[in-house]
Every structure is written in structure tokens, then in C-alpha cells.
Amino acid sequence: MKRFRHLLVLLFALALVAAACGDDTAETTTTAATTTTAAATTTTAATTTTAGEPEEKTLIIGTTDQIASLDGADAYAVHDWELLKNIGEGLIHWEPGSGDTLVPGVATDLGAFSEDGLSYTISLLPGLVFGDGTPLTAQTYADQINNRLLVLEGPNGVGPALGQPYVESVEALDDVTIKFNLTGTWAFFPQLLAGAPYIPTNPTQFGAELNLFPEAPVYGNGPWYIESYTQGEQAVLLPNELYHGERPALDRVIIRYFGDPQTMALAVESGEIDVAWRILGPELISQLEGVDGLTVETIPAGPIRYLILSHTLAPTDDPNVRKAIASLVDRDELTDRVFGGTTTPLYSQVPPGFLGATEVFDDLYGSPNIDAAVGFLAASGYTPDNPLELSLAYPPEHYGAETADIFEVLKEQLEASGAINVTLIAQEWSTYIGAVIGGADYPVSFLGWFYDYPDPDNYLSPFISNGGLGTMVTDPDTGEVTAGLDPRLTTLLLEAAATSDPAQRIALYEELQQVYAEEVVTVPLLIIAEHIVYRDGVAGSADFPSMETLNIGPTVEFNYFTLDVTG
Amino acid sequence: MHPLLLTFLIIGVPAGIGLVYIFVRGTSSMRRYIVTRIALTLPMVLILATLVFFVLRILPGDPVTSALGPKGSPEVKEQLRENLGLSDPILIQYGRFLGNIVTFDFGESLVGAHRPVSDELGERLPATIELILPATVLALLIGILFGTWAAARRKRASDYGFRLYSVVIYAMPIFWLGLLLQLLFGKVLGWAPIAGRIDAIVGTTLDRTTNFIVIDSIISGNWTALGSALHHMILPTLTLGLVLSGVFVRLTRINVIETLQEDYVTAANARGIRKHAVTYRYALKNAMIPVITLIGLQVAILLAGAVLTETVFSWPGMGRYLVERISSRDFTAVQSTITMFAIFVAMISLAVDIIYSLLDPRVRY
């Protein structure tokens, strides 16, 4: 009896070991090769695959981002927008891989402003449907925008930020013609329209109330639909069979969510995922660059980093102090010492490639110019014998582990003047961000920005209007320019936004950047380039630009429909 | 059925049956003890939940500003605070929180998609249990076997070896050990997966009912999924189990050594009973009592270890959830998760005390 019991235990243990060591790679090859699920018992309706049928192409993309909201009337995070742009298709959108080419999506053309610039009319393609068969007409679109984006105020605040300030209402003139009645003359409205909040949403799933976390499957009008998703684990996207365009080359895309970039780097190295996308730090990128079978590419765009200078708190309410800080920052050194050359120095709040972008901070303050800085400081009475006491605040974790290193280098650079003593204040994000925006705590602080719509307006307006995110160049309540500052900060901003002629806009934004730099509203520091790492066999489409970065261009949009995997 | 309720049933039903059995069969003093302990658990959880509630609100920073960052106007933020009930007087918020605990509703998360916290915990709790259960078993196995082996061979090379092991492994940071195992067994040898609970593609074939992947695989007869789940458990379990095993090795060793010096052991040896039998059958059983007590004490440490292990292995459990939500000041999620942890620790502690009394009939309450 005892022996029998031992035998049973042994058999059970063997069974467990056999199950654990079972070669599940037979049906889960993730080396970017075509994946066969012949041995797997596939239960998902859209992808049932049995032996003998064509091979199924699956691509696994890793990210450290998380799903925060899948409702277009509320989603505001980069990853949420990426998913929405893959399961939906806007009236117009950016050409994959390009940085400045808008192309029609589910519209017949790019649309046009009215004579007075106060409305924008565009026509839908006929016969459109969402993935579940719900028709998409001009009336459906107008109702969804009117009843959701322009009314609902969700926790992520996208409607009040990108809908209500710009659009008064939307009308359906007939089955296919849509007219946006605008709140003002917004020259950048087409760029705004190409954003995720203006992608058609399916009324079957997204009704009068916000539905941030809808039950899967989630159908849009784009090339994919979300078949299933679990927060913190993975999301599975399958081709939308009712999509009006070409079917994607892939049969399935799986987004795998990681808690730690180091783990994601190891996962792409070992072949557990095919693509590592957002966010790998500079150390991990250089570690992966030498690995056989991996391609590491840099996307020439990304979020920017800058110093916020308070114009109402001492000592940065003194223009000489602000100019001294601007003169002492050496962006090349920051790039080399902290990021190993993987970032780009930024010499205007408007990054290169955007309409009218200049390098005005380099022109005005050098990079760096210590003598000029000493002069500015001396003009305000700060000398080595009477140094300026300056505190710099930063969040040590929110923008990556490199933030502390940035500030150590900045401290050295500012103290190189001999007339500044720097104190660093590291503050946890949830406390820090309220204090920065409130404008009452830190004379110098640090923030990052990534555009909502790729237009210079979106890189200047937030730092000037309504308190300017802590710059306090305007009054948060009245919007009036703070006393002593150049009033052209607001007048040029409004004039440029209302001007549709590109040449005039360029001239206005160049002038505005000049005023912005003279007043040192912020001190632009760096562009943090995005990186993508993928295994051999993963390819973008030759039909679009930036094939080497899997057709991710300066707009940093990742379109899964351009991807393919080869044997 | 709600996933969180299902999780409670999966753990609670067997535990409940055991408790009822002991209650019915036990002595009256044992029954009194069980009732008293359960009654004491309630104020303990309440005090802890109250502390967490107020400490979170004393801390600077709020969930709305933290979530919106530089974007979102002051009006939007104020409206959102209103919608989330964060503008209500603190006592109203506290009353609502207590009401939520009683109904096991826990309210809605304050960040992200604002999902019901009970839904999120229902997804995360099974993952954590699937991690800490095998890790505890592994830690005990290693601890008891190595500890007894070292005690039986006191002052010999193997004794010194196991003592050194116990000190080194206990002092080793979990994230570092995890990374080391990932590099060796995941990257270099390719024997075990690096991250997640199940292979990405196999995962799409599994119907989730309980969110315990092992149980769901067995229920649905999906043996590929079971294999993949067990395969994915290897490295996280090893990491957590190894680190915890150090203290068990030391405690088992010292207790077995003490027991081996008892008179009854000398008598057994004098009667010619085999040394192996004396050590493992008689001495070990008596040396186990403090080890069992330690299990109860280690549960809290185990949960803390799970936080790090889950982060390193991208294991979507309660620990990772707690870390994410603390940094975004998600009051509802943090206070609910800690309350769950408190209930869990209290229950394990109760179970350990009962097992203790069963193992040692001299113990009376």
C-alpha cells in the first residue's frame, strides 16, 4: 500500500514536470517568425486554427505603458491613443512614418475651412461600418462628438482640453458631409482632427455615458479590433473583417504589458516578445544594441524636457537670473553624460521639424556662455562673494531614473558660474506636480511634454496661457500677462492660432519664440528620442516612409497594419 | 460570479470546512479560542484600515493632479475631485469607505479607467496567491530538509554549508536574485520564461473563470496552458521561495539540534532505533512547532517580497498593483488592497495558531 502511494506521488510529480517542461514554444514561437498554433486548442472565434490550415502570423509587442482608458471621449495617454488609432480610423490622419503629411482616412479628402475660418467641412466615404456592423454615417459621427466629446468630462479630461475649447458643435449636412462649427479661427484644426479624440466611436459600445473600460470585444472602424484585454497582462488585437481598407498582413497582434523595462529588455532578447516599444532607458538601449538578431532604431522625435521658471517667485522673477540660467545650461553635456548621446539638445520650446521652429536659445544665450551668465548675475548683484541661492525641484521617478542625473549635471553647470549655490529638491510626483502647476512653491522645476496635436501652438500655448503650468507668465484666473513681461506673449499666440496662411504663421511663431526666449518663459533642454527594438523577421511596410523604424515617424504613431513577419 | 468572490470561495471553503471540523471536534477551550480570535480580527482590520485611510489623506499630493500631470485645467481638476467624492468632508469619505469594506464593494479606483476595485482585486489576487503558495511550499521544503540535514550533521562541512546558504540567501535582495535567475535560466540557458504568468499566445486559448491560471487550465482541460503556467511559475517561485527559505533553514536547524539533545532522543538512540528515524520521525516533528509559528510571522514578509518579485517578473498581482497605485495616490485602491492584505495575514495567523495547538497537544488556550 505504501509503495503504491509512493508510486502515485512519483507519477503525479512526473506529470507536473512533463507539463512544465512541455515545449510550448512549438505553438508559441515568438521569434518574429510565422507562428503556428496547430497544436494549440484555439478557442477564440476569430482565429480558430487547426492543423493543415495556413500558418497564423502573430506579432507580440512589449510595452511598459498601461491601458488607462479606451473611450475616445476621455483617453489621453500615449498608449491609449495608440490602441484607439489602431482599432479606429479618423476622418484624416498622419501618413504612417511621416511627420508632416496629413492624408484622408475615412474621409474623401482633407476637408476645408469656410471663408471666415469658423467652420470646417469634410465628407465621409460612403458605406462605412464599425467592426460589429453598426453603420457609420455623418449623423452618427456628429451625434457622438456632440453628445460625448463636447459634453462629457471624464477623469482624464480630454473633452475639456481638446474638444470643448475648439469645437462648438458638429452638424451632419447629409449622409456623408460633416460640418464642424468652431469656437474660433483655429488654423491647426486639421492637426487636432487627426488626433484620437476625433476618431469615430461606435455608438453601440460608447453611449451617453463614458465607458472607459468597455467589455471586449471592442470594435472601432479601423483595421483591428480588441478581441480581449486584461490590465497589466495583455491585449489581443485581431483584424477587423469589416474594415473598408486592405486587410493587415498579420493575423494577430498581442500587446504584452511589463512592469519593468529591464524585464522587457530581457524578454525581447530571449524572444518572448518580438518588439519592445516604449519605454527603454539609455542604458538598456545601449545594452541591446550589440545583441545579434535585434535591431535597435531611434525615432527622431519624442517628448521634450524643460525647466519651468516661475516669473512671480524670487529669485526667478528677476529677468537677469532667468537669463543667467539659460546661459549656463550646456545641453550637449547633458546629452552625452546622462543619455550617452541618445537624446537631442533642444534650443526652442518648439522642437525642430515643427512649423517655424528656431534655435533661438542658442542664438540668444549660447550653449553655454558662462561669461554672459556672470554678467547677468552681476547686474543683479550676485557675485562669488554674494552668491545666488537657487533651489531646483524635480520628480526623481516620474520621468525615469535619469532625471536625478540630469539635475546633478545641471547643478554643476549652474555652479560653474561661481555665483550660484544650487540646492536640489527631489519630490515624489503626486506632491510635486500639484506644487509645480500651483506656481507657489518652486522657482525652478522640471517637466516633460508630448504634443496633443503636432503644431507649434501646442508647444507654446500651455506654457503661456492660464498660468502657463507654473511659469506664471499670465495670471491663471484673468489670463493677463504678468506685469513687466512682454504682452506680445499672448497677442502673438492668438494671432498665430487664427492665421491660416503657413508663411504668415511661420513668421508669427518665429517672433513669438524670440519673445518667449527673451523672457525665458521656460528653458528647453532635450528631446528624449523614442526607441524601438525588434527581432529579425519583423518588418514595416515599404509603401510608407520610415520602414526601418517600423513606419513610426516623427509623429510617434505606431500603426500595426503596416507590419509583417517573415519566416 | 464575481471573480473576487470566487477567489474567496476557492480559498475560504476548504479553510472553512477545516475550521468547522476543528470547531466541532475540538475542546471547549479551543472553540472559545477560535471565536475570540475571529472576534479580535475584526477590530484589528478596522484599526489598520482606519490608519491607512487617514495616513493616505495626510500625505501631500492628490490622485487627480497626479493622474492628469501638466495637462488638465484647474476647473477640470476641481470637477473631477467633485465627481470622485474627494471634495466631501473626510468623515463622509471615511463612512463611505467603511460601508464599502462591509459590502466588499471597495468602491471605484480613482485613476486610470476608474474600474471597481473589487474587479481589479479579483484579477490580481489569484495571481499573487498563485505566486506565494508554491513559494511558501518551496521555502518550507528547502528550510526543513536543509535545516534537519544540517542539524543531523552538526559541525560538519554540510552544516557549515547550509548555515552559510541560509545567511547569504536571506541577505540577498529579491530583485537582484530575480534578475540573476532571469539572466541565467531565461536568457543564457533558455530554460524558463522571463516574464508573465502564461505564454502570450497560449494565454489567448485559455478561458478565464477563476483567474487562477492553473485551476482554469485544469477545469478547461487545456494542458498546454497548464504546462505554460507551471513553466512561467518556475523563476518567480524560485526567487521568492529561495529568499524565504534562509530563515526556515536556520530555525529548523537550531530546533532540531535542541530536540536531539532531549532525553527521549537519547533513549531512542539507546534502544538502537535508526538515527535517520530518530531525527526525521521523532525529533523533527517536535522541532516543527516554532517553525509553524514562524510561517504565520513570515506571511507579511512574504507579501512584501511578492511586491518585488511581481515587479521583476511582470507578474500582474496585488503587489505590483499596490506599488502602481501608491505612486498615483489611488486612495481607494491602496486602502482596499492593504485591507485585503490585513485580512489575509489575520486569517493565516489564526490558521497557524490552530495548527500549532493540533501539533502540540500540550498547548491549551
# chains A, B, ... in the order shown; residues from 1 in each chain; ligands from 1
$ interface_residues --of "chain B" --to "chain A" --cutoff "8 Å" --atoms "only C-alpha atoms" --output "PDB file with N, CA and C atoms, in the first residue's frame"
ATOM      1  N   PRO B  60       0.941  64.523   1.339  1.00  0.00           N
ATOM      2  CA  PRO B  60       0.700  65.525   0.298  1.00  0.00           C
ATOM      3  C   PRO B  60       0.453  64.866  -1.060  1.00  0.00           C
ATOM      4  N   GLY B  61      -0.137  65.623  -1.970  1.00  0.00           N
ATOM      5  CA  GLY B  61      -0.410  65.085  -3.319  1.00  0.00           C
ATOM      6  C   GLY B  61      -1.798  64.509  -3.391  1.00  0.00           C
ATOM      7  N   ASP B  62      -2.439  64.655  -4.540  1.00  0.00           N
ATOM      8  CA  ASP B  62      -3.771  64.074  -4.683  1.00  0.00           C
ATOM      9  C   ASP B  62      -3.876  63.320  -5.996  1.00  0.00           C
ATOM     10  N   PRO B  63      -4.802  62.359  -6.060  1.00  0.00           N
ATOM     11  CA  PRO B  63      -4.859  61.480  -7.228  1.00  0.00           C
ATOM     12  C   PRO B  63      -5.187  62.208  -8.528  1.00  0.00           C
ATOM     13  N   VAL B  64      -5.966  63.262  -8.452  1.00  0.00           N
ATOM     14  CA  VAL B  64      -6.392  63.943  -9.676  1.00  0.00           C
ATOM     15  C   VAL B  64      -5.209  64.643 -10.338  1.00  0.00           C
ATOM     16  N   THR B  65      -4.484  65.435  -9.584  1.00  0.00           N
ATOM     17  CA  THR B  65      -3.324  66.141 -10.151  1.00  0.00           C
ATOM     18  C   THR B  65      -2.270  65.148 -10.602  1.00  0.00           C
ATOM     19  N   SER B  66      -2.092  64.094  -9.810  1.00  0.00           N
ATOM     20  CA  SER B  66      -1.097  63.095 -10.150  1.00  0.00           C
ATOM     21  C   SER B  66      -1.429  62.423 -11.483  1.00  0.00           C
ATOM     22  N   ALA B  67      -2.714  62.136 -11.696  1.00  0.00           N
ATOM     23  CA  ALA B  67      -3.123  61.437 -12.919  1.00  0.00           C
ATOM     24  C   ALA B  67      -3.047  62.356 -14.132  1.00  0.00           C
ATOM     25  N   LEU B  68      -3.472  63.608 -13.982  1.00  0.00           N
ATOM     26  CA  LEU B  68      -3.529  64.495 -15.150  1.00  0.00           C
ATOM     27  C   LEU B  68      -2.173  65.128 -15.466  1.00  0.00           C
ATOM     28  N   GLY B  69      -1.279  65.176 -14.486  1.00  0.00           N
ATOM     29  CA  GLY B  69       0.041  65.760 -14.728  1.00  0.00           C
ATOM     30  C   GLY B  69      -0.082  67.202 -15.173  1.00  0.00           C
ATOM     31  N   PRO B  70       0.754  67.614 -16.111  1.00  0.00           N
ATOM     32  CA  PRO B  70       0.704  69.012 -16.541  1.00  0.00           C
ATOM     33  C   PRO B  70      -0.550  69.341 -17.341  1.00  0.00           C
ATOM     34  N   LYS B  71      -1.288  68.325 -17.789  1.00  0.00           N
ATOM     35  CA  LYS B  71      -2.463  68.589 -18.638  1.00  0.00           C
ATOM     36  C   LYS B  71      -3.726  68.670 -17.772  1.00  0.00           C
ATOM     37  N   GLY B  72      -4.727  69.355 -18.245  1.00  0.00           N
ATOM     38  CA  GLY B  72      -5.975  69.475 -17.499  1.00  0.00           C
ATOM     39  C   GLY B  72      -6.029  70.781 -16.733  1.00  0.00           C
ATOM     40  N   SER B  73      -7.101  71.549 -17.001  1.00  0.00           N
ATOM     41  CA  SER B  73      -7.210  72.866 -16.367  1.00  0.00           C
ATOM     42  C   SER B  73      -7.641  72.713 -14.903  1.00  0.00           C
ATOM     43  N   VAL B  76     -11.227  71.588 -14.614  1.00  0.00           N
ATOM     44  CA  VAL B  76     -11.423  70.161 -14.880  1.00  0.00           C
ATOM     45  C   VAL B  76     -11.036  69.345 -13.652  1.00  0.00           C
ATOM     46  N   LEU B  80     -13.460  67.037 -11.379  1.00  0.00           N
ATOM     47  CA  LEU B  80     -13.136  65.620 -11.214  1.00  0.00           C
ATOM     48  C   LEU B  80     -13.090  65.248  -9.734  1.00  0.00           C
ATOM     49  N   VAL B 111      -7.970  56.360 -10.349  1.00  0.00           N
ATOM     50  CA  VAL B 111      -7.151  56.691 -11.517  1.00  0.00           C
ATOM     51  C   VAL B 111      -7.458  55.713 -12.654  1.00  0.00           C
ATOM     52  N   GLY B 112      -6.831  55.973 -13.775  1.00  0.00           N
ATOM     53  CA  GLY B 112      -6.996  55.076 -14.930  1.00  0.00           C
ATOM     54  C   GLY B 112      -8.446  55.002 -15.359  1.00  0.00           C
ATOM     55  N   ALA B 113      -8.932  53.803 -15.536  1.00  0.00           N
ATOM     56  CA  ALA B 113     -10.276  53.622 -16.074  1.00  0.00           C
ATOM     57  C   ALA B 113     -11.345  53.666 -14.998  1.00  0.00           C
ATOM     58  N   HIS B 114     -10.976  53.940 -13.759  1.00  0.00           N
ATOM     59  CA  HIS B 114     -11.937  54.068 -12.657  1.00  0.00           C
ATOM     60  C   HIS B 114     -12.806  52.823 -12.524  1.00  0.00           C
ATOM     61  N   ARG B 115     -12.182  51.690 -12.647  1.00  0.00           N
ATOM     62  CA  ARG B 115     -12.926  50.439 -12.530  1.00  0.00           C
ATOM     63  C   ARG B 115     -13.224  50.149 -11.061  1.00  0.00           C
ATOM     64  N   GLN B 182      16.734  35.316 -13.949  1.00  0.00           N
ATOM     65  CA  GLN B 182      16.247  35.639 -15.302  1.00  0.00           C
ATOM     66  C   GLN B 182      17.387  35.537 -16.314  1.00  0.00           C
ATOM     67  N   LEU B 183      18.518  36.123 -15.934  1.00  0.00           N
ATOM     68  CA  LEU B 183      19.659  36.111 -16.858  1.00  0.00           C
ATOM     69  C   LEU B 183      20.158  34.692 -17.105  1.00  0.00           C
ATOM     70  N   GLY B 186      16.690  32.261 -17.943  1.00  0.00           N
ATOM     71  CA  GLY B 186      15.844  32.784 -19.013  1.00  0.00           C
ATOM     72  C   GLY B 186      16.635  33.111 -20.261  1.00  0.00           C
ATOM     73  N   LYS B 187      17.679  33.933 -20.072  1.00  0.00           N
ATOM     74  CA  LYS B 187      18.406  34.425 -21.247  1.00  0.00           C
ATOM     75  C   LYS B 187      19.491  33.453 -21.700  1.00  0.00           C
ATOM     76  N   GLY B 190      17.894  29.560 -21.455  1.00  0.00           N
ATOM     77  CA  GLY B 190      16.600  29.478 -22.140  1.00  0.00           C
ATOM     78  C   GLY B 190      15.688  28.400 -21.584  1.00  0.00           C
ATOM     79  N   PRO B 193      10.728  30.901 -18.862  1.00  0.00           N
ATOM     80  CA  PRO B 193      10.326  32.231 -19.360  1.00  0.00           C
ATOM     81  C   PRO B 193      10.713  33.332 -18.382  1.00  0.00           C
ATOM     82  N   ILE B 194      10.835  34.528 -18.905  1.00  0.00           N
ATOM     83  CA  ILE B 194      11.327  35.651 -18.115  1.00  0.00           C
ATOM     84  C   ILE B 194      10.198  36.420 -17.431  1.00  0.00           C
ATOM     85  N   ALA B 195       9.065  36.491 -18.092  1.00  0.00           N
ATOM     86  CA  ALA B 195       8.027  37.364 -17.546  1.00  0.00           C
ATOM     87  C   ALA B 195       6.633  36.807 -17.784  1.00  0.00           C
ATOM     88  N   GLY B 196       5.699  37.270 -16.953  1.00  0.00           N
ATOM     89  CA  GLY B 196       4.293  36.953 -17.144  1.00  0.00           C
ATOM     90  C   GLY B 196       3.871  35.650 -16.486  1.00  0.00           C
ATOM     91  N   ASP B 199       2.358  32.022 -21.444  1.00  0.00           N
ATOM     92  CA  ASP B 199       2.817  32.441 -22.759  1.00  0.00           C
ATOM     93  C   ASP B 199       1.737  33.304 -23.434  1.00  0.00           C
ATOM     94  N   ALA B 200       2.180  34.347 -24.150  1.00  0.00           N
ATOM     95  CA  ALA B 200       1.226  35.304 -24.726  1.00  0.00           C
ATOM     96  C   ALA B 200       0.217  34.610 -25.643  1.00  0.00           C
ATOM     97  N   ILE B 201       0.689  33.715 -26.473  1.00  0.00           N
ATOM     98  CA  ILE B 201      -0.223  33.091 -27.445  1.00  0.00           C
ATOM     99  C   ILE B 201      -1.068  31.999 -26.778  1.00  0.00           C
ATOM    100  N   VAL B 202      -0.425  31.195 -25.954  1.00  0.00           N
ATOM    101  CA  VAL B 202      -1.195  30.156 -25.247  1.00  0.00           C
ATOM    102  C   VAL B 202      -2.273  30.816 -24.387  1.00  0.00           C
ATOM    103  N   THR B 204      -4.091  33.222 -25.013  1.00  0.00           N
ATOM    104  CA  THR B 204      -5.309  33.577 -25.761  1.00  0.00           C
ATOM    105  C   THR B 204      -6.237  32.372 -25.907  1.00  0.00           C
ATOM    106  N   THR B 205      -5.721  31.169 -25.645  1.00  0.00           N
ATOM    107  CA  THR B 205      -6.558  29.974 -25.804  1.00  0.00           C
ATOM    108  C   THR B 205      -7.241  29.571 -24.502  1.00  0.00           C
ATOM    109  N   LEU B 206      -6.936  30.299 -23.439  1.00  0.00           N
ATOM    110  CA  LEU B 206      -7.442  29.892 -22.122  1.00  0.00           C
ATOM    111  C   LEU B 206      -8.675  30.692 -21.727  1.00  0.00           C
ATOM    112  N   ASN B 222      -7.171  22.371 -20.654  1.00  0.00           N
ATOM    113  CA  ASN B 222      -6.183  22.959 -21.568  1.00  0.00           C
ATOM    114  C   ASN B 222      -4.780  22.675 -21.010  1.00  0.00           C
ATOM    115  N   TRP B 223      -4.241  21.518 -21.382  1.00  0.00           N
ATOM    116  CA  TRP B 223      -2.982  21.080 -20.778  1.00  0.00           C
ATOM    117  C   TRP B 223      -1.802  21.904 -21.274  1.00  0.00           C
ATOM    118  N   THR B 224      -1.915  22.438 -22.491  1.00  0.00           N
ATOM    119  CA  THR B 224      -0.847  23.320 -22.986  1.00  0.00           C
ATOM    120  C   THR B 224      -0.755  24.548 -22.083  1.00  0.00           C
ATOM    121  N   LEU B 226      -1.772  24.705 -18.988  1.00  0.00           N
ATOM    122  CA  LEU B 226      -1.280  24.299 -17.669  1.00  0.00           C
ATOM    123  C   LEU B 226       0.248  24.217 -17.681  1.00  0.00           C
ATOM    124  N   GLY B 227       0.773  23.598 -18.731  1.00  0.00           N
ATOM    125  CA  GLY B 227       2.226  23.489 -18.854  1.00  0.00           C
ATOM    126  C   GLY B 227       2.880  24.848 -18.902  1.00  0.00           C
ATOM    127  N   SER B 228       2.297  25.741 -19.696  1.00  0.00           N
ATOM    128  CA  SER B 228       2.857  27.082 -19.832  1.00  0.00           C
ATOM    129  C   SER B 228       2.792  27.837 -18.494  1.00  0.00           C
ATOM    130  N   ALA B 229       1.664  27.688 -17.787  1.00  0.00           N
ATOM    131  CA  ALA B 229       1.513  28.383 -16.496  1.00  0.00           C
ATOM    132  C   ALA B 229       2.546  27.879 -15.495  1.00  0.00           C
ATOM    133  N   LEU B 230       2.718  26.558 -15.426  1.00  0.00           N
ATOM    134  CA  LEU B 230       3.696  25.992 -14.486  1.00  0.00           C
ATOM    135  C   LEU B 230       5.119  26.419 -14.871  1.00  0.00           C
ATOM    136  N   HIS B 231       5.350  26.428 -16.186  1.00  0.00           N
ATOM    137  CA  HIS B 231       6.651  26.848 -16.700  1.00  0.00           C
ATOM    138  C   HIS B 231       6.947  28.296 -16.276  1.00  0.00           C
ATOM    139  N   THR B 311       7.123  42.724  -9.525  1.00  0.00           N
ATOM    140  CA  THR B 311       7.647  43.795 -10.382  1.00  0.00           C
ATOM    141  C   THR B 311       8.720  43.249 -11.313  1.00  0.00           C
ATOM    142  N   VAL B 312       9.646  42.471 -10.765  1.00  0.00           N
ATOM    143  CA  VAL B 312      10.755  41.955 -11.572  1.00  0.00           C
ATOM    144  C   VAL B 312      10.241  41.026 -12.677  1.00  0.00           C
ATOM    145  N   PHE B 313       9.243  40.212 -12.364  1.00  0.00           N
ATOM    146  CA  PHE B 313       8.781  39.230 -13.336  1.00  0.00           C
ATOM    147  C   PHE B 313       7.517  39.675 -14.081  1.00  0.00           C
ATOM    148  N   SER B 314       7.177  40.949 -13.995  1.00  0.00           N
ATOM    149  CA  SER B 314       5.959  41.462 -14.630  1.00  0.00           C
ATOM    150  C   SER B 314       4.784  40.533 -14.334  1.00  0.00           C
ATOM    151  N   TRP B 315       4.670  40.166 -13.087  1.00  0.00           N
ATOM    152  CA  TRP B 315       3.626  39.252 -12.627  1.00  0.00           C
ATOM    153  C   TRP B 315       2.444  40.114 -12.177  1.00  0.00           C
ATOM    154  N   PRO B 316       1.329  40.053 -12.845  1.00  0.00           N
ATOM    155  CA  PRO B 316       0.268  41.034 -12.570  1.00  0.00           C
ATOM    156  C   PRO B 316      -0.526  40.730 -11.303  1.00  0.00           C
ATOM    157  N   ARG B 320       2.306  44.338  -7.365  1.00  0.00           N
ATOM    158  CA  ARG B 320       2.578  45.299  -8.440  1.00  0.00           C
ATOM    159  C   ARG B 320       1.472  46.352  -8.493  1.00  0.00           C
ATOM    160  N   SER B 327       1.874  55.183  -5.968  1.00  0.00           N
ATOM    161  CA  SER B 327       2.547  56.329  -6.595  1.00  0.00           C
ATOM    162  C   SER B 327       1.551  57.262  -7.261  1.00  0.00           C
ATOM    163  N   SER B 328       0.369  56.770  -7.607  1.00  0.00           N
ATOM    164  CA  SER B 328      -0.620  57.677  -8.205  1.00  0.00           C
ATOM    165  C   SER B 328      -1.671  58.122  -7.185  1.00  0.00           C
ATOM    166  N   ARG B 329      -1.404  57.845  -5.890  1.00  0.00           N
ATOM    167  CA  ARG B 329      -2.308  58.271  -4.813  1.00  0.00           C
ATOM    168  C   ARG B 329      -3.748  57.780  -5.058  1.00  0.00           C
TER     169      ARG B 329
END
$ residues_around --residues "range 164-166 of chain B" --least-positions-apart "5" --cutoff "7 Å" --atoms "only C-alpha atoms" --output "PyMOL selection string"
chain B and resi 246-247+249-250
$ write_last_selection --atoms "C-alpha atoms" --output "tab-separated table (two decimals), in the first residue's frame"
chain	number	residue	atom	x	y	z
B	246	GLY	CA	17.00	31.03	4.61
B	247	VAL	CA	15.19	31.80	7.83
B	249	VAL	CA	16.81	26.61	7.42
B	250	ARG	CA	18.23	28.39	10.44
$ residues_around --residues "Leu359 in chain B" --least-positions-apart "6" --cutoff "9 Å" --atoms "only C-alpha atoms" --output "list in words"
Lys285, Asn286, Met288 and Ile289 of chain B
$ atom_distance --atom1 "CA of Ser158 in chain B" --atom2 "CA of Met233 in chain B"
29.3 Å
$ residues_around --residues "range 543-545 of chain A" --least-positions-apart "4" --cutoff "10 Å" --atoms "only C-alpha atoms" --output "list in words"
Glu95, Pro96, Gly97, Ser98, Gly99, Thr549, Leu550, Asn551, Ile552, Gly553 and Thr562 of chain A
$ decode --residues "range 167-218 of chain B" --atoms "C-alpha atoms" --output "short mmCIF file (atom, residue, chain, number, x, y, z; two decimals), in the first residue's frame"
data_model
loop_
_atom_site.label_atom_id
_atom_site.label_comp_id
_atom_site.auth_asym_id
_atom_site.auth_seq_id
_atom_site.Cartn_x
_atom_site.Cartn_y
_atom_site.Cartn_z
CA VAL B 167 22.66 33.70 5.75
CA VAL B 168 23.58 34.54 2.18
CA ILE B 169 20.16 33.79 0.69
CA TYR B 170 18.31 35.71 3.41
CA ALA B 171 20.51 38.75 2.91
CA MET B 172 20.11 38.68 -0.86
CA PRO B 173 17.86 41.41 -2.32
CA ILE B 174 14.89 39.78 -4.04
CA PHE B 175 15.07 41.92 -7.17
CA TRP B 176 18.74 41.09 -7.58
CA LEU B 177 18.21 37.35 -7.18
CA GLY B 178 15.26 37.56 -9.60
CA LEU B 179 17.35 39.33 -12.19
CA LEU B 180 20.17 36.83 -11.75
CA LEU B 181 17.79 33.90 -12.28
CA GLN B 182 16.25 35.64 -15.30
CA LEU B 183 19.66 36.11 -16.86
CA LEU B 184 20.85 32.57 -16.16
CA PHE B 185 17.76 30.44 -16.72
CA GLY B 186 15.84 32.78 -19.01
CA LYS B 187 18.41 34.43 -21.25
CA VAL B 188 21.54 32.24 -21.18
CA LEU B 189 20.08 28.75 -20.82
CA GLY B 190 16.60 29.48 -22.14
CA TRP B 191 15.03 27.01 -19.71
CA ALA B 192 12.37 29.22 -18.23
CA PRO B 193 10.33 32.23 -19.36
CA ILE B 194 11.33 35.65 -18.11
CA ALA B 195 8.03 37.36 -17.55
CA GLY B 196 4.29 36.95 -17.14
CA ARG B 197 2.00 34.19 -15.92
CA ILE B 198 1.50 32.38 -19.21
CA ASP B 199 2.82 32.44 -22.76
CA ALA B 200 1.23 35.30 -24.73
CA ILE B 201 -0.22 33.09 -27.45
CA VAL B 202 -1.20 30.16 -25.25
CA GLY B 203 -2.88 32.69 -22.99
CA THR B 204 -5.31 33.58 -25.76
CA THR B 205 -6.56 29.97 -25.80
CA LEU B 206 -7.44 29.89 -22.12
CA ASP B 207 -10.92 30.64 -20.83
CA ARG B 208 -10.53 32.59 -17.59
CA THR B 209 -13.11 31.61 -15.00
CA THR B 210 -11.36 31.89 -11.66
CA ASN B 211 -8.29 33.86 -12.76
CA PHE B 212 -6.19 31.12 -11.14
CA ILE B 213 -4.47 30.07 -14.35
CA VAL B 214 -3.59 26.62 -13.02
CA ILE B 215 -7.17 25.95 -11.94
CA ASP B 216 -8.66 27.40 -15.14
CA SER B 217 -6.34 25.25 -17.25
CA ILE B 218 -7.38 22.12 -15.38
#
